[in-house]
Structure formats: structure tokens, C-alpha cells
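Working notes for the structure below.
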Amino acid sequence: MTFENRMTARPRVFDADKAQEIKESIGWASGQVAELLQATASCSPYLEGLIRSESVWLESALADPEGAMDACLTDVKTLETAELSFGLRAAKLQVAVLTALADVAGVWPLETVTGYLSDFASLCVDQILKRLVADEIRRGKLPGQREEDGETAGGMVALAMGKMGAGELNYSSDIDLICLFDETRFDPDDYHDARAAFIRVTRKMTALLSDTKAGGYVFRTDLRLRPDASVTPVCLSMETAERYYESVGRTWERAAYIKAKACAGDVEAGQRFLKTLQPFVWRKHLDFAAIQDAHDMRLRIRDHKGLAGPLRLEGHNMKLGRGGIREIEFFTQTRQLIAGGRDQSLRARGTLEGLAALTEAGWVKEADRVALTDHYRFHRTVEHRLQMVRDAQTHHLPNDSEGFERLSAFLGRDTKELRADLQSRLEAVHDLTEGFFAPDATPEVDEAWGTDVTDRWVTYPALRSTRAQETFSRLKPEILTRLQDAAKPDEALAQFDAFLAGLPAGVQLFSLFEANPHLTDLLIEVASTSPALARYLSRNSSVLDAVLGGAFFTDWPEVEGLRAELSAALARTDDYETQLSLTRRWMKEWHFRIGVHHLRGLIDAKTSGVQYADLAEAVVASLFPCVQAEFERKHGRLTKSAAVVLGMGSLGARQLNALSDLDLIMIYNADSDDMSDGKRPLGTRQYYARFTQAFITALTAPMADGDLYEVDMRLRPSGRQGPVATSFDAFRSYQMSDAWTWEHLALTRARPVAGDVGLAEAIEAARTDVLAAKAKGETIAQDVADMRTRLEGAKATGNPWDMKTGGGRLQDIELFAQMLALRSGSAEGATAAQIDVGVADGQISAAEGQTLAQAVDLMWKVQSAGRLLAGGVLDPELIGEGGRRLVLRETGFETMDALRNAIEDLSVRSDSIISKGLEA
């Protein structure tokens, strides 16, 4: 049958002018094929260009699309190394236009389209690996390997992960790869040379695939699914990878390996490796921890989608959003993980194959399989059309009517009818997948458990009304059941009791819980795992509004987005008290979000530190002009004046924890003899002293919505004895002439966070000048040694879980890192960056720097967990089993004893490095 006779679908013309313009390039086409090409070009600027450039080839390709695709794949296999870059890009364009037209016209079903895309990607990776490894062998860079070993890439393999591994690659997709090599092919003495060669090959391969050149790119390549990607090389030995998965592999990595396939290089070695991982991926027993891990995975997926509120089609994410592709994939993979250890028939890589296997084994109803299969194919088709418009890796529905009209035309659908279909299908998928995890029956509740606590609930303000009691009575069985399932039920009950006791009213809140069961899940999870966060929630229950607001689980907006949001909200009112209250409510919602994301493993300790710092900076920067406006209303302005708030300490280093206060300095620039022009005029020094006090009050004053932050200004020039605000000239002069070493150390972490941009730039220039000038100070090391001795005597607690104080602990390492930066004259503020400066400058060795960096990383994780879970220093006995699981998940250790031993070891080693460094 001809291409035309096989067409089962066709797009509508979206842009009539574009459809007309393309006719000259396709004079060979007629009938429905010509109409297809015109309509496709009118819907997709990207495909319009490809139809023009590949017109001659298309005439023959459409006569036999399968033959054309096979010929294209065959041609790739004949490419020489020097031809790879151009040849693969040329082949990609042909594959892109042919698969698109066959997809749009319904000539190939979804599985054929994604299969060809996956096969082409695998072939490209395979050819590149083999050619590049052969080059390394020819250059004598791969010990013990001969020319013929190039055919197996010298033992190197690329594992295709995700959709590529499952043969489900979408139209404009990244490819996820894990690159490994078989270390058994090399003598132990040659291991490092071999690894270096394979790392070079991996980097060259990534560049060949990903770099955009003439002819575009081949595939964007992502290597981050490899073990511990932030610290490991881009290519690992199989033994190293196997040890990682056996010791610290996580549930999400088990799920990732469901779809893993050895696709390139030494495929046989890759298959052997995957076989060794089967005990890791496919567990034989369904113990409680495995089920809990599966539940946690589900929560992470949900958290990325923003489930609260009604579904809105504009901008909806067809992959991660409510009712999207990821829900169907997770629905399938979770059951595969739980049951696949006992039933090998469930170990299918493909989503639809997995659904079918689960149905055959009785895990999924046939009606659900049929519905989800249909929805999955529809969702993927919509995803392809979205990506085909401009070859963009997008999954978002259009944001405007024109975009929906283009999409509906591309799908050959009526716009109104398509919107209704999308809405219906997304809701149906969500209902099916959510219902899958709902219990069939409410578990029986131990009526006698906790009655000494629950009996007094009716006396609480939140439960005094009849309506509140009726609503809560429907929630109570599930709440008690969940509390009883906690690692420490009595502790969880006490935390929930504290939350309930602090509520001023309950009807609206209980109605929210009843309508949004995930809020109950969240509340019990917080109460069961984090006493500190539960106390926070009991004092600030209004933060739950943010969970329902739709943005609670979206991507972090960064400091610029936070500033813009808060500033816009503050601009909507000119009442100062309202602005202060609004800022408190806003800050607490975002603060709670960071804690919940950290609790659930959506972010790690390092990321939470950055987010807490972003939040603090946004609050300081957005509130600054409000305080300034209020102050000027009372006291007027000074001519040609400006002020800047410097963030010092952890804020300056952009790494706070859940309980951090803020170290701030106020610096101004104004004529010292000036007077303000308000009703109550002030001289310059008094003006900025009062303004600084007003600003600190705005941050620290307790109001109905609580306070914002504790503020410490002791890092200002001359400390407590100095004025609360310092003129720029005095600040610069003091730092150059009179400041102590500790003040120069503090200056390494100074950073403007609010105020006048021009003055901020001048302060930063002065800071770098001071650091450069003081870098060679003869007494720096001795001064730091003296400070270290005083700190150890004053603050060391001896508590093994106190990560801050003591030799070789965070405060000690941070002080030493600041010294390294100061002696190098570096402007770097983050501890890790300062350590790197010390290594680069030769003050410490690379090995010493690595030890200090490891210590900072591990201790920060433990300290952050302690602040989040316990509201202070970590106590393993008090945080409960849920808290201990979080700590171990965060740090990658199996037991708390192993973690403690590692901390002690790093402390001792860091203490030795610092002592040695201070003696040099």
C-alpha cells in the first residue's frame, strides 16, 4: 500500500499563507500527500523547514517509509569517525521529518514512531562509542586492547534509561544514559588509564550528540542518572556501580532500572551487569520498608504536579501535570516494583507492556488497562504535536487560544471538542491512578488507644461547634489509623494534639482536610516525622493555604522570582502594618514549603540551605523599600543619599538552615552635614541609625502573624560598640586601617542583599580591594589560631551530634575556609568555594581540600536535619524512626552508628588538617 492509502489521520491547515508557500517545494506531491505536507507545514515552523530542505529525499522516502528508515539507519553504520558530526545530524533531520509525517498521518502507530526514534538514538550512541574507543586504541590510550576490541568498544557500554531504554522515546527528547566499562578486561595496574580513556570518550560522545552545529544537534544527552552523579566521573567501572547500588541505591534508582537497556558498545557486558542488578531492582519480599518507599515515590511524583485546585488546561503539563503521562507510568512502575520480585512476567520495560503484564497477573483490572492504554497513547500523541511545532522539549499545553487552535489543527480536531477531550482524559487518568492507591476499606481503629488525649479534643476551640465536631468525626478514624501506623505513635499523637489545640477554629480547616485527603497525609507525615516542623505548623496553620494554592509543589522560583512575587504583593497596599503582616504570612508559607520538600526528599540539605537563603534575601530586599517609605513619611529624605544592607555569615554565603538568624550590616552614603526634609528632620548619622533600628524592628517585631527573623548586627565595624549604621567612607577606611582579622574573615562572606544598586556595586568593589590588600597579613594564621582556641573553650559541647562546635566541626572548618580565602585575597563567599581557593593557591593539598569538603557536606546535612526534625541539635532517640530514616536517606548511611563513626572520623581528620594549616 502507498503512503497515501495508509493515511488514517490528517491535520487541518492552521496558517493558509504557509500552506500556500510550501507548494513550490513539493511540486512532486499530489492528492492527500500534498494536503498533508501543506497542512503540516502550516502548523509547524520546524517541519516546514525540514519539508523544504528534505523535499527531494522525501519524494522517494514516502514511497516506502520503512525502507527509507532502514536505509537511513544502514547509512549511519557506514560513517567514518570524521563524518560522524555532519552525518548523524543529516540523518537526524531525515528521521525527524519522516517519523513526524508518518505520525501525523497515522501511517505508523505510536509504538512504531517511538520505536524508530529509540532505535536511531541507540544506533547513534553505538556508532560514536565504537568509533571513539577505536581511536583511543589506535592512539595507545587503552592498555591491553587491540584493534578488533573496538567492535565491542573496549568493554564500554551505554545503558539507555527512561523512555529510550523502553523504546518509548518522544519526538524531541533528551536521552538518559549511564556509561560504564568492564574493569575485568584490564590489568589492575591499567585501571586508571582505562578509566581516563573512557571518561574522554564519554565527554566526546556527549559533545558529538548534544552540541548545536550546522545541521542542528543529534540528541540532548543527560548523564545524571549514574550513581551519585554530583561527585562521580561520567563513566564508571561496573564494579563501582554495583557496589553503589548494593550499599546506598535508592528506590527511585530501582524504578529507573525497570526500563534500563544495554544499547551501545559492549552490549553483552551491559546485559551481564543488568543481570547482577536484578536482586537490587526486583526484591523478593514485600517488607514494610519497600512498601513505604513506593509510597514515598508516589508522593514525590504528586508533589511535582500541583494537584490542588481545579485542573486548568492553559499551560498544563501533559507529562508531569495532573492526569498526565507520568501518572500512568508511575501507576505501572510502582506495582512492578512491588510485585516484580516474585513474578518475572511483570519485568517489562515498556509502559503499555507493563500494564498488560500486570493485568494478566491480576494486579490491574482489564477495564483500567484498556482505559489507561488509550489515554496513554492519546497523551503521547498530544505531547508529540506540542514538540513538533518547534522541535522543543516541551510538555506544556498552550497558554493562549491561538496556541490551542494550532494544536487542534495539527491533530485534525475541532478546538472546543479537543479541549473537552483533554479535560475529560486528564481527569479520568487522575481518578484512576489516585484510586489505585486508596485503601479498599478503612482499617479498624483501636478505640482505647490515646483516649487520655483524644477525650479532651472536644474542649478545644476548633471543636466547640457542632458542625466542626461532625466534620472532624468523619476524619478522625483515618487520622487515628495513620497516627497508630507512625514509628512512634504516642509521639505523633502528641504532636497532632498540639496542632489541634492551637487552632482557633475548625470548620473551614476540617472541610479542607475532608475535600483534600493529601492535606491529612501531609499533616500526619509532619507530625510523625518532624516534631519541630509540627510545632511550626501548629503555630502557623494558615500555611496550609499555600499547599492548596497550586504553587506549593512547582519548581523553586529562585530569589528573583520570590522578590518579584513579594514586592508585587506589598505594592498592592500602602498600609505599613498590613505590609509587615503580609510579609510574615508570605514568608511562613514559603518557609514551610522548604521544610516539607526537605522532609519528603524532594530537595536535599544543600538545596534547602540555598532556598532558605533565597527566601531571607527576598524578604529583606522586598521589605527594605517599605520600611524606607514609612521612615521617609515621618522624617523625610536626605539629598543624594543611599543605603545598602549587607548579608553576612551564612546569609552572605547563601546557606541557611531552618532556624538561622540573619547577620546584617547597614551601610549608607550621604553628606554628613545634611538634614532630612521631613516633619521631624534628622541629621545624617541619626537618620540612618533610626532607619536601621526601624528596619530591624520590621524584621524582628512579634505581631499577630509572628515574627520574621532574629537579627544579629555584631559583625558591623567595631561590633557592639560601633554605630548600628556605618557610612561607606568610614566602612572602607575602617576595613583598610583599623579592622581586626576576624572582621576581615567576616568580610569574605559579605554580600549586598538589599538597597541601592550603585552603592552595592561600590561596596563590593571596596570589599574585593580590602581582601586583596589584607591577603598577605603576617598575623592572619596566628589570629585565627587564637580565635579557634577561644571558640573551642567557650562553645564546644562534646555532643557527638553537635555539628557546629568543636574541633574539625562546621564552625571550625568555616573559620579555616575564610582564612584560606582571605590569605588568597579571594572574594569567594561559600565555604566549599573557599576551600577550593585554598587548594588552588597551594595552602592545602587537594586531598586535604577533599576531606574538608566531605566533612562540610556531611555535617551540614546532619545539622540541617537536626534543625528541621528536632529544632536544634540532632538527637537520634527523640526524632523517631521516621526522622532517623530521613537522616540516613539524606546522608546515604545504613545505620546511625555508621553515620556517627563517619562524623567522628571526618572531625578528627579535619581538625588535624586545620591545626597543620594554622602552623604553616
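Going through the C-alpha cells in order, the chains are called A, B, and so on, while each chain numbers its residues from 1 and the ligands are numbered from 1 in the order shown.
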
Q: May I have the residues within 9 Å of segment 262-278 of chain A as a PyMOL selection string, using only C-alpha atoms and disregarding those fewer than 6 positions away in the same chain?
A: chain A and resi 119+122-130+150-161+165+180-182+238-239+242+245-246+341

Q. If you run DSSP on this backbone, which residues of segment 159-348 of chain A come out as helix (DSSP H, G or I), and could you give them as a VMD selection string?
A. chain A and resid 162 to 165 183 to 185 188 to 210 238 to 248 251 to 256 267 to 276 278 to 281 288 to 303 325 to 339 344 to 346

Near segment 861-872 of chain A, counting only C-alpha atoms, which residues have an atom at most 10 Å away, once you skip same-chain residues fewer than 2 positions from it, shown as a PDB file with C-alpha atoms, in the first residue's frame?
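After the write, out-v6.pdb holds the following:
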```pdb
ATOM      1  CA  VAL A 526       4.859  16.030  59.528  1.00  0.00           C
ATOM      2  CA  THR A 529       8.493  12.609  61.443  1.00  0.00           C
ATOM      3  CA  SER A 530       9.362  16.154  62.457  1.00  0.00           C
ATOM      4  CA  PRO A 531       8.335  17.436  65.908  1.00  0.00           C
ATOM      5  CA  ALA A 532       9.908  20.797  65.105  1.00  0.00           C
ATOM      6  CA  LEU A 533       8.004  21.209  61.847  1.00  0.00           C
ATOM      7  CA  ALA A 534       4.815  20.041  63.573  1.00  0.00           C
ATOM      8  CA  ARG A 535       5.254  22.745  66.218  1.00  0.00           C
ATOM      9  CA  TYR A 536       5.798  25.256  63.457  1.00  0.00           C
ATOM     10  CA  ILE A 594      11.049  24.299  52.095  1.00  0.00           C
ATOM     11  CA  GLY A 595      10.722  22.182  55.238  1.00  0.00           C
ATOM     12  CA  VAL A 596       8.128  19.877  53.680  1.00  0.00           C
ATOM     13  CA  HIS A 598      13.210  18.595  52.542  1.00  0.00           C
ATOM     14  CA  LEU A 599      11.195  16.234  54.747  1.00  0.00           C
ATOM     15  CA  ASP A 604      18.393  17.776  49.811  1.00  0.00           C
ATOM     16  CA  ALA A 605      20.024  19.672  52.663  1.00  0.00           C
ATOM     17  CA  LYS A 606      22.254  21.739  50.398  1.00  0.00           C
ATOM     18  CA  SER A 608      17.231  23.635  51.318  1.00  0.00           C
ATOM     19  CA  GLY A 609      20.083  25.824  52.576  1.00  0.00           C
ATOM     20  CA  LEU A 656      20.914  28.980  55.917  1.00  0.00           C
ATOM     21  CA  ASN A 657      19.062  26.319  57.862  1.00  0.00           C
ATOM     22  CA  ALA A 658      15.512  26.196  59.183  1.00  0.00           C
ATOM     23  CA  LEU A 659      16.396  28.107  62.375  1.00  0.00           C
ATOM     24  CA  SER A 660      19.064  30.511  61.146  1.00  0.00           C
ATOM     25  CA  TRP A 801      25.665  15.095  67.190  1.00  0.00           C
ATOM     26  CA  ASP A 802      26.551  18.803  67.550  1.00  0.00           C
ATOM     27  CA  MET A 803      27.790  19.531  64.056  1.00  0.00           C
ATOM     28  CA  LYS A 804      28.615  23.172  64.701  1.00  0.00           C
ATOM     29  CA  LEU A 810      31.412  23.186  60.875  1.00  0.00           C
ATOM     30  CA  ALA A 855      33.168  16.996  56.245  1.00  0.00           C
ATOM     31  CA  VAL A 856      31.263  20.189  55.476  1.00  0.00           C
ATOM     32  CA  ASP A 857      28.854  18.352  53.212  1.00  0.00           C
ATOM     33  CA  LEU A 858      28.084  15.567  55.693  1.00  0.00           C
ATOM     34  CA  MET A 859      27.912  17.770  58.766  1.00  0.00           C
ATOM     35  CA  LEU A 874      20.023  16.209  66.372  1.00  0.00           C
ATOM     36  CA  ASP A 875      19.037  13.596  68.951  1.00  0.00           C
ATOM     37  CA  PRO A 876      18.592  10.174  67.290  1.00  0.00           C
ATOM     38  CA  LEU A 878      13.967  11.749  70.046  1.00  0.00           C
ATOM     39  CA  ILE A 879      13.378  12.114  66.322  1.00  0.00           C
ATOM     40  CA  GLY A 880      11.747   8.697  65.948  1.00  0.00           C
ATOM     41  CA  GLY A 882      10.727   8.355  60.557  1.00  0.00           C
ATOM     42  CA  GLY A 883      13.261  11.040  61.433  1.00  0.00           C
ATOM     43  CA  ARG A 884      16.123   8.573  61.501  1.00  0.00           C
ATOM     44  CA  LEU A 886      15.264  10.873  56.760  1.00  0.00           C
ATOM     45  CA  VAL A 887      18.751  11.389  58.222  1.00  0.00           C
ATOM     46  CA  LEU A 888      20.021   8.135  56.732  1.00  0.00           C
ATOM     47  CA  GLU A 890      19.977  12.308  53.357  1.00  0.00           C
ATOM     48  CA  THR A 891      23.459  11.112  54.305  1.00  0.00           C
ATOM     49  CA  LEU A 899      26.955   7.829  60.403  1.00  0.00           C
ATOM     50  CA  ARG A 900      28.285   8.811  63.816  1.00  0.00           C
ATOM     51  CA  ILE A 903      31.355  12.124  61.501  1.00  0.00           C
TER      52      ILE A 903
END
```

Q) Any idea what the distance is between atom CA of Tyr217 of chain A and atom CA of Ile175 of chain A? A)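 It comes out at 12.5 Å.
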
(Q) Taking 5 positions as the minimum chain separation for residues in the same chain, which residues sit within 9 Å of Glu329 of chain A when counting only C-alpha atoms? Answer as a PyMOL selection string. (A) chain A and resi 334+351-352+376

Could you dump the residues just selected with N, CA and C atoms as a short mmCIF file (atom, residue, chain, number, x, y, z; two decimals), in the first residue's frame?
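Produced file result-v3.cif, reproduced below:
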```cif
data_model
loop_
_atom_site.label_atom_id
_atom_site.label_comp_id
_atom_site.auth_asym_id
_atom_site.auth_seq_id
_atom_site.Cartn_x
_atom_site.Cartn_y
_atom_site.Cartn_z
N THR A 334 5.14 1.35 39.92
CA THR A 334 5.05 1.07 41.35
C THR A 334 4.62 -0.37 41.59
N THR A 351 5.86 0.83 29.10
CA THR A 351 4.73 1.15 29.95
C THR A 351 3.51 0.31 29.60
N LEU A 352 3.17 0.26 28.33
CA LEU A 352 1.98 -0.49 27.93
C LEU A 352 2.19 -1.99 28.09
N TYR A 376 -2.95 6.86 27.51
CA TYR A 376 -1.51 6.99 27.34
C TYR A 376 -1.17 7.30 25.88
#
```

Q) Quick one: residues within 9 Å of segment 183-196 of chain A, only C-alpha atoms counted, chain neighbours fewer than 3 positions away excluded, as a list of chain:residue names? A)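 Close residues of segment 183-196 of chain A: A:Lys141, A:Leu142, A:Pro143, A:Gly144, A:Gln145, A:Gly154, A:Gly155, A:Ile199, A:Arg200, A:Val201, A:Cys235, A:Leu236, A:Ser237, A:Met238, A:Glu239.
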
Q.
Rounded to one decimal, what separation in Å do you get between atom CA of Ala428 of chain A and atom CA of Leu337 of chain A?
A.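 According to the coordinates, atom CA of Ala428 of chain A and atom CA of Leu337 of chain A are separated by 23.8 Å.
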
**Q.** Polymer residues at most 10 Å from Arg220 of chain A, only C-alpha atoms, same-chain spacing of 4 or more positions, as a list in words
**A.**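 With the cut-off at 10 Å, the set is Ser172, Ser173, Asp174, Ile175, Asp176, Thr206, Ala207, Leu208, Leu209, Ser210, Asp211, Thr212 and Gln393 of chain A.
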
Q: Enumerate the residues of segment 187-394 of chain A with a DSSP assignment of strand (DSSP E or B), computed from the backbone, and present them as a list in words.
A: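 Matching residues for strand (DSSP E or B) in segment 187-394 of chain A are Lys213, Gly216, Thr221, Asp222, Cys235, Leu236, Ser237, Lys261, Ala262, Cys263, Ala264, Gly265 and Asn317 of chain A.
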
Q: Could you check how far atom CA of Ala348 of chain A sits from atom CA of Ala260 of chain A, in Å to one decimal?
A: 10.3 Å

**Q.** For Glu904 of chain A, the nearest of the candidates A:Thr831, A:Leu638, A:Ala339, A:Pro800, counting only C-alpha atoms
**A.**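 Among the listed residues, A:Pro800 lies closest to Glu904 of chain A.
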